[in-house]
Amino acid sequence: MTYDIDKIRADFPILAREVNGKPLVYLDNGASAQKPQVVIDTITRAYSMEYANVHRGLHYLSNLATENYEGVRGIIARFLGVKDEHEIVFTSGTTEGINLVAYGWAMPRMEAGDEIVLTVAEHHANIVPWHFLRERQGVVLKWVDVDANGDLDPQAMIDAIGPRTKLVAMSHMSNVLGTVFDVKPVIDAAHAKGVPVLVDGSQAAVHMPLDLDALGADFYAITGHKLYGPSGSGAMHIKAARMAEMRPFMGGGDMIREVHRDTVTWNDPPMKFEAGTPGIVQQIGLGAALEYMMGVGMENIAAHERRLTEYARARLDGLNWLNVQGKSASKGAIFSFTLEGAAHAHDISTVLDKKGVAVRAGHHCAQPLMEHMGVTATCRASMGMYNTEAEIDALVEALELCHELFA
């Protein structure tokens, strides 16, 4: 199948606009991706013509909203390579999903001195919930570093698993370095030692086809706003055996079977973990986004982004005054960098913005990794399915201007 980049770009209306008098070059996809027209139309229709609360109504609109909403569970399962859609828990994103595991699974079974193994490259969403357990229950966090190229040795993760380890928590793809970590051998070795594994798939799910049943992680988190869907949408894949071990994280409607003065009984999973009125339209919008991605083909998207990554690598490596963090051969379409000299990442991003180039600047919610790399902040250019080589050229041209200004 030919990858028709012009057609794909035409599906994203915001890409036709200008910023500061320049064509928009949107390279902040790692933070949040733009939305195709089909997602925008789906959300508009859901609110304007099909909206009602779900699950408990018997009227036409409630039944329609419930059907559309619950249908997304199967779409997510298909997108992730999961046979049993009942292993898909709807969340507002990865942060809620990891907190669900922290409160519902980890907190009841961890004691002072028990360990969680995690990498230094984690997003704060896969760090802060474990700090809660460290502060409140005396759980020990064991850190595994990446090397100078940004690679993670799976054996180092495996060697860190000890007799008190109760969980391994790691990213599938670094949101700062773009490195794709080899999680499968870690999962297999951890399971051989009786230790479950949580994988943050926020970035990986955007850039590569997934087969979670084959991967075998106990918990796998995705977030909708990076997947060309709405903010406030997402999901957690939780193996049925782990669901059976979990207590509810939040209490309220939908997650109960019966409530009495002296007793309460829970609904079956996954509803057991979905309290309150959900993000109905957000999840319906996510379903439309995933259908759109699968229509283009995840293998096709991945191939396009590999070409884009290699082109960007070559162009950026040609700037000998640019320091690119992470030189891994297993690198996805994310580049973090600093300029030699005193230019701060915020100054660089401001100059780029004047040229219409949108990048992220700061610590990217990964301060332990920043400390490990010896920097306080970087600029990050992160690409998506609609970006082009011409846009990489625009980035390089804007960086050359930064070099002239700050050298």
# chains A, B, ... in the order shown; residues from 1 in each chain; ligands from 1
call {"tool": "select_by_dssp", "arguments": {"residues": "stretch 282-345 of chain A", "states": "helix (DSSP H, G or I)", "output": "PyMOL selection string"}}
result
chain A and resi 282-296+298-317+345
call {"tool": "residues_around", "arguments": {"residues": "A:Gly93", "least_positions_apart": "6", "cutoff": "7 Å", "atoms": "only C-alpha atoms", "output": "number ranges by chain"}}
result
A: 222-224, 232-235
call {"tool": "atom_distance", "arguments": {"atom1": "atom CA of A:Met236", "atom2": "atom CA of A:Gly150"}}
result
26.5 Å
call {"tool": "closest_residue", "arguments": {"among": "A:Met49, A:Cys379, A:Val128, A:Ile116", "to": "A:Glu96", "atoms": "only C-alpha atoms"}}
result
A:Val128
call {"tool": "atom_distance", "arguments": {"atom1": "atom CA of A:Met208", "atom2": "atom CA of A:Glu299"}}
result
6.9 Å
call {"tool": "closest_residue", "arguments": {"among": "A:Ala288, A:Met157, A:Tyr3, A:Gln137", "to": "A:Asp41", "atoms": "only C-alpha atoms"}}
result
A:Ala288
call {"tool": "atom_distance", "arguments": {"atom1": "atom CA of A:Thr376", "atom2": "atom CA of A:Asn29"}}
result
21.3 Å
call {"tool": "residues_around", "arguments": {"residues": "A:Ser171", "least_positions_apart": "4", "cutoff": "8 Å", "atoms": "only C-alpha atoms", "output": "mmCIF file with N, CA and C atoms, in the first residue's frame"}}
result
data_model
loop_
_atom_site.group_PDB
_atom_site.id
_atom_site.type_symbol
_atom_site.label_atom_id
_atom_site.label_comp_id
_atom_site.auth_asym_id
_atom_site.auth_seq_id
_atom_site.Cartn_x
_atom_site.Cartn_y
_atom_site.Cartn_z
ATOM 1 N N THR A 119 12.921 2.004 35.545
ATOM 2 C CA THR A 119 14.044 2.595 34.834
ATOM 3 C C THR A 119 14.130 4.083 35.137
ATOM 4 N N ALA A 121 14.411 6.223 33.005
ATOM 5 C CA ALA A 121 13.817 6.920 31.855
ATOM 6 C C ALA A 121 12.308 7.058 31.955
ATOM 7 N N GLU A 122 11.730 6.753 33.109
ATOM 8 C CA GLU A 122 10.266 6.783 33.209
ATOM 9 C C GLU A 122 9.710 8.206 33.215
ATOM 10 N N HIS A 123 8.529 8.337 32.642
ATOM 11 C CA HIS A 123 7.710 9.544 32.789
ATOM 12 C C HIS A 123 7.243 9.620 34.239
ATOM 13 N N PHE A 181 12.452 0.308 24.154
ATOM 14 C CA PHE A 181 13.072 -0.639 25.063
ATOM 15 C C PHE A 181 12.579 -2.060 24.786
ATOM 16 N N VAL A 199 3.762 -2.008 31.985
ATOM 17 C CA VAL A 199 4.430 -1.309 30.885
ATOM 18 C C VAL A 199 3.640 -0.047 30.548
ATOM 19 N N ASP A 200 4.358 1.083 30.519
ATOM 20 C CA ASP A 200 3.794 2.344 30.062
ATOM 21 C C ASP A 200 3.935 2.394 28.546
ATOM 22 N N GLY A 201 2.816 2.235 27.862
ATOM 23 C CA GLY A 201 2.826 2.213 26.400
ATOM 24 C C GLY A 201 2.374 3.514 25.761
#
call {"tool": "select_by_dssp", "arguments": {"residues": "stretch 74-320 of chain A", "states": "strand (DSSP E or B)", "output": "PyMOL selection string"}}
result
chain A and resi 88-91+115-119+140-144+165-171+173+179-180+197-200+219-223+234-238+256-259+264-266
call {"tool": "write_last_selection", "arguments": {"atoms": "N, CA and C atoms", "output": "compact mmCIF listing (two decimals), in the first residue's frame"}}
result
# COMPACT_ATOMS: atom_id res chain seq x y z
N ILE A 88 -9.90 -4.91 29.02
CA ILE A 88 -9.68 -3.50 28.74
C ILE A 88 -10.47 -2.66 29.73
N VAL A 89 -9.76 -1.86 30.53
CA VAL A 89 -10.39 -0.94 31.46
C VAL A 89 -10.29 0.46 30.88
N PHE A 90 -11.41 1.14 30.76
CA PHE A 90 -11.39 2.53 30.30
C PHE A 90 -10.80 3.42 31.38
N THR A 91 -9.93 4.35 30.98
CA THR A 91 -9.36 5.33 31.90
C THR A 91 -9.35 6.69 31.21
N GLU A 115 9.99 -4.20 47.01
CA GLU A 115 10.67 -3.40 46.00
C GLU A 115 9.86 -3.29 44.70
N ILE A 116 10.01 -2.15 44.06
CA ILE A 116 9.54 -1.92 42.70
C ILE A 116 10.76 -1.56 41.86
N VAL A 117 10.98 -2.30 40.78
CA VAL A 117 12.09 -2.02 39.88
C VAL A 117 11.57 -1.17 38.73
N LEU A 118 12.26 -0.06 38.46
CA LEU A 118 11.86 0.80 37.36
C LEU A 118 13.09 1.45 36.74
N THR A 119 12.92 2.00 35.55
CA THR A 119 14.04 2.60 34.83
C THR A 119 14.13 4.08 35.14
N VAL A 140 10.49 0.20 48.56
CA VAL A 140 11.79 0.62 48.05
C VAL A 140 11.75 0.68 46.52
N LEU A 141 12.22 1.80 45.96
CA LEU A 141 12.31 1.94 44.51
C LEU A 141 13.73 1.63 44.08
N LYS A 142 13.88 0.65 43.18
CA LYS A 142 15.18 0.27 42.64
C LYS A 142 15.28 0.76 41.20
N TRP A 143 16.30 1.58 40.93
CA TRP A 143 16.42 2.25 39.63
C TRP A 143 17.46 1.55 38.77
N VAL A 144 17.14 1.44 37.48
CA VAL A 144 18.08 0.90 36.49
C VAL A 144 18.34 1.99 35.46
N THR A 165 11.29 -8.10 45.35
CA THR A 165 10.65 -7.38 44.25
C THR A 165 9.22 -7.85 44.05
N LYS A 166 8.30 -6.90 44.04
CA LYS A 166 6.88 -7.23 43.85
C LYS A 166 6.32 -6.74 42.52
N LEU A 167 7.09 -5.85 41.83
CA LEU A 167 6.60 -5.30 40.57
C LEU A 167 7.77 -4.72 39.78
N VAL A 168 7.72 -4.89 38.47
CA VAL A 168 8.60 -4.18 37.55
C VAL A 168 7.74 -3.20 36.76
N ALA A 169 8.16 -1.92 36.71
CA ALA A 169 7.40 -0.89 36.00
C ALA A 169 8.34 -0.18 35.04
N MET A 170 8.02 -0.23 33.74
CA MET A 170 8.94 0.32 32.75
C MET A 170 8.20 0.81 31.51
N SER A 171 8.80 1.78 30.84
CA SER A 171 8.26 2.28 29.59
C SER A 171 8.60 1.34 28.44
N MET A 173 8.64 2.81 25.37
CA MET A 173 9.37 3.76 24.53
C MET A 173 9.56 5.04 25.32
N THR A 179 13.93 6.07 22.52
CA THR A 179 14.43 4.70 22.53
C THR A 179 13.28 3.72 22.76
N VAL A 180 13.22 2.69 21.93
CA VAL A 180 12.25 1.61 22.12
C VAL A 180 12.94 0.53 22.96
N VAL A 197 4.62 -7.39 35.65
CA VAL A 197 5.25 -6.26 34.97
C VAL A 197 4.18 -5.30 34.47
N LEU A 198 4.40 -4.03 34.75
CA LEU A 198 3.57 -2.95 34.21
C LEU A 198 4.38 -2.24 33.15
N VAL A 199 3.76 -2.01 31.98
CA VAL A 199 4.43 -1.31 30.89
C VAL A 199 3.64 -0.05 30.55
N ASP A 200 4.36 1.08 30.52
CA ASP A 200 3.79 2.34 30.06
C ASP A 200 3.93 2.39 28.55
N PHE A 219 0.11 -5.50 32.99
CA PHE A 219 -0.59 -4.22 32.91
C PHE A 219 0.06 -3.42 31.77
N TYR A 220 -0.76 -2.84 30.89
CA TYR A 220 -0.23 -2.04 29.78
C TYR A 220 -1.13 -0.83 29.61
N ALA A 221 -0.52 0.37 29.68
CA ALA A 221 -1.29 1.62 29.67
C ALA A 221 -1.15 2.35 28.35
N ILE A 222 -2.27 2.91 27.87
CA ILE A 222 -2.24 3.80 26.70
C ILE A 222 -3.06 5.05 27.02
N THR A 223 -2.77 6.12 26.29
CA THR A 223 -3.48 7.38 26.51
C THR A 223 -3.97 7.92 25.17
N GLY A 234 -8.50 6.99 27.29
CA GLY A 234 -7.38 6.05 27.39
C GLY A 234 -7.86 4.71 27.89
N ALA A 235 -6.91 3.82 28.12
CA ALA A 235 -7.27 2.48 28.58
C ALA A 235 -6.08 1.82 29.24
N MET A 236 -6.40 0.82 30.04
CA MET A 236 -5.41 -0.03 30.68
C MET A 236 -5.76 -1.47 30.34
N HIS A 237 -4.81 -2.18 29.73
CA HIS A 237 -5.00 -3.61 29.56
C HIS A 237 -4.49 -4.30 30.82
N ILE A 238 -5.37 -5.05 31.45
CA ILE A 238 -5.03 -5.77 32.68
C ILE A 238 -5.42 -7.23 32.50
N ILE A 256 -20.58 -0.94 40.98
CA ILE A 256 -21.25 -1.73 42.03
C ILE A 256 -22.27 -2.68 41.42
N ARG A 257 -22.57 -3.74 42.17
CA ARG A 257 -23.69 -4.61 41.84
C ARG A 257 -24.88 -4.26 42.73
N GLU A 258 -24.63 -4.22 44.03
CA GLU A 258 -25.68 -3.84 44.99
C GLU A 258 -25.05 -3.03 46.12
N VAL A 259 -25.82 -2.04 46.61
CA VAL A 259 -25.38 -1.24 47.75
C VAL A 259 -26.49 -1.25 48.80
N VAL A 264 -21.86 -3.96 50.49
CA VAL A 264 -21.76 -3.54 49.10
C VAL A 264 -21.10 -4.66 48.33
N THR A 265 -21.58 -4.92 47.13
CA THR A 265 -20.94 -5.92 46.27
C THR A 265 -20.56 -5.25 44.96
N TRP A 266 -19.45 -5.73 44.38
CA TRP A 266 -18.89 -5.09 43.21
C TRP A 266 -19.40 -5.70 41.92
call {"tool": "closest_residue", "arguments": {"among": "A:Met294, A:Val120, A:His344, A:Asn175", "to": "A:Gln367", "atoms": "only C-alpha atoms"}}
result
A:Val120
call {"tool": "closest_residue", "arguments": {"among": "A:Gly287, A:Pro278, A:Pro13, A:Gly253", "to": "A:Arg73", "atoms": "only C-alpha atoms"}}
result
A:Gly287
call {"tool": "residues_around", "arguments": {"residues": "A:Leu405", "least_positions_apart": "6", "cutoff": "12 Å", "atoms": "only C-alpha atoms", "output": "NGL selection string"}}
result
:A and (339 or 341-343 or 347-348 or 351-352 or 398-399)
call {"tool": "write_last_selection", "arguments": {"atoms": "N, CA and C atoms", "output": "tab-separated table (two decimals), in the first residue's frame"}}
result
chain	number	residue	atom	x	y	z
A	339	LEU	N	21.50	23.12	22.48
A	339	LEU	CA	22.53	23.80	21.70
A	339	LEU	C	23.75	24.05	22.57
A	341	GLY	N	26.54	26.11	24.27
A	341	GLY	CA	26.49	27.49	24.75
A	341	GLY	C	25.42	27.68	25.81
A	342	ALA	N	24.99	28.91	25.98
A	342	ALA	CA	24.13	29.25	27.10
A	342	ALA	C	22.64	29.29	26.75
A	343	ALA	N	22.29	28.97	25.54
A	343	ALA	CA	20.88	29.04	25.14
A	343	ALA	C	20.04	28.04	25.91
A	347	ASP	N	14.34	29.32	25.33
A	347	ASP	CA	14.71	30.33	24.34
A	347	ASP	C	14.71	29.73	22.93
A	348	ILE	N	15.24	28.52	22.83
A	348	ILE	CA	15.29	27.85	21.53
A	348	ILE	C	13.88	27.62	21.00
A	351	VAL	N	12.26	30.79	19.62
A	351	VAL	CA	12.73	31.15	18.28
A	351	VAL	C	12.10	30.23	17.23
A	352	LEU	N	12.05	28.94	17.53
A	352	LEU	CA	11.44	27.99	16.59
A	352	LEU	C	9.97	28.34	16.35
A	398	ALA	N	15.26	26.50	11.16
A	398	ALA	CA	14.99	27.30	12.36
A	398	ALA	C	16.09	27.12	13.40
A	399	LEU	N	16.62	25.90	13.52
A	399	LEU	CA	17.73	25.67	14.45
A	399	LEU	C	18.98	26.42	14.03
call {"tool": "closest_residue", "arguments": {"among": "A:Val19, A:Ile284, A:Val82, A:Val101", "to": "A:Gly216", "atoms": "only C-alpha atoms"}}
result
A:Val82
call {"tool": "residues_around", "arguments": {"residues": "A:Asp151", "least_positions_apart": "2", "cutoff": "7 Å", "atoms": "only C-alpha atoms", "output": "list of chain:residue names"}}
result
A:Val146, A:Asp147, A:Asn149, A:Asp153, A:Thr179, A:Ser328
call {"tool": "residues_around", "arguments": {"residues": "A:Thr378", "least_positions_apart": "5", "cutoff": "10 Å", "atoms": "only C-alpha atoms", "output": "ChimeraX atom specification"}}
result
/A:176,323-325,335-339,344-346,348-349,360-364,370
call {"tool": "closest_residue", "arguments": {"among": "A:Lys239, A:Lys272, A:Arg261, A:Arg45", "to": "A:Glu87", "atoms": "only C-alpha atoms"}}
result
A:Lys239
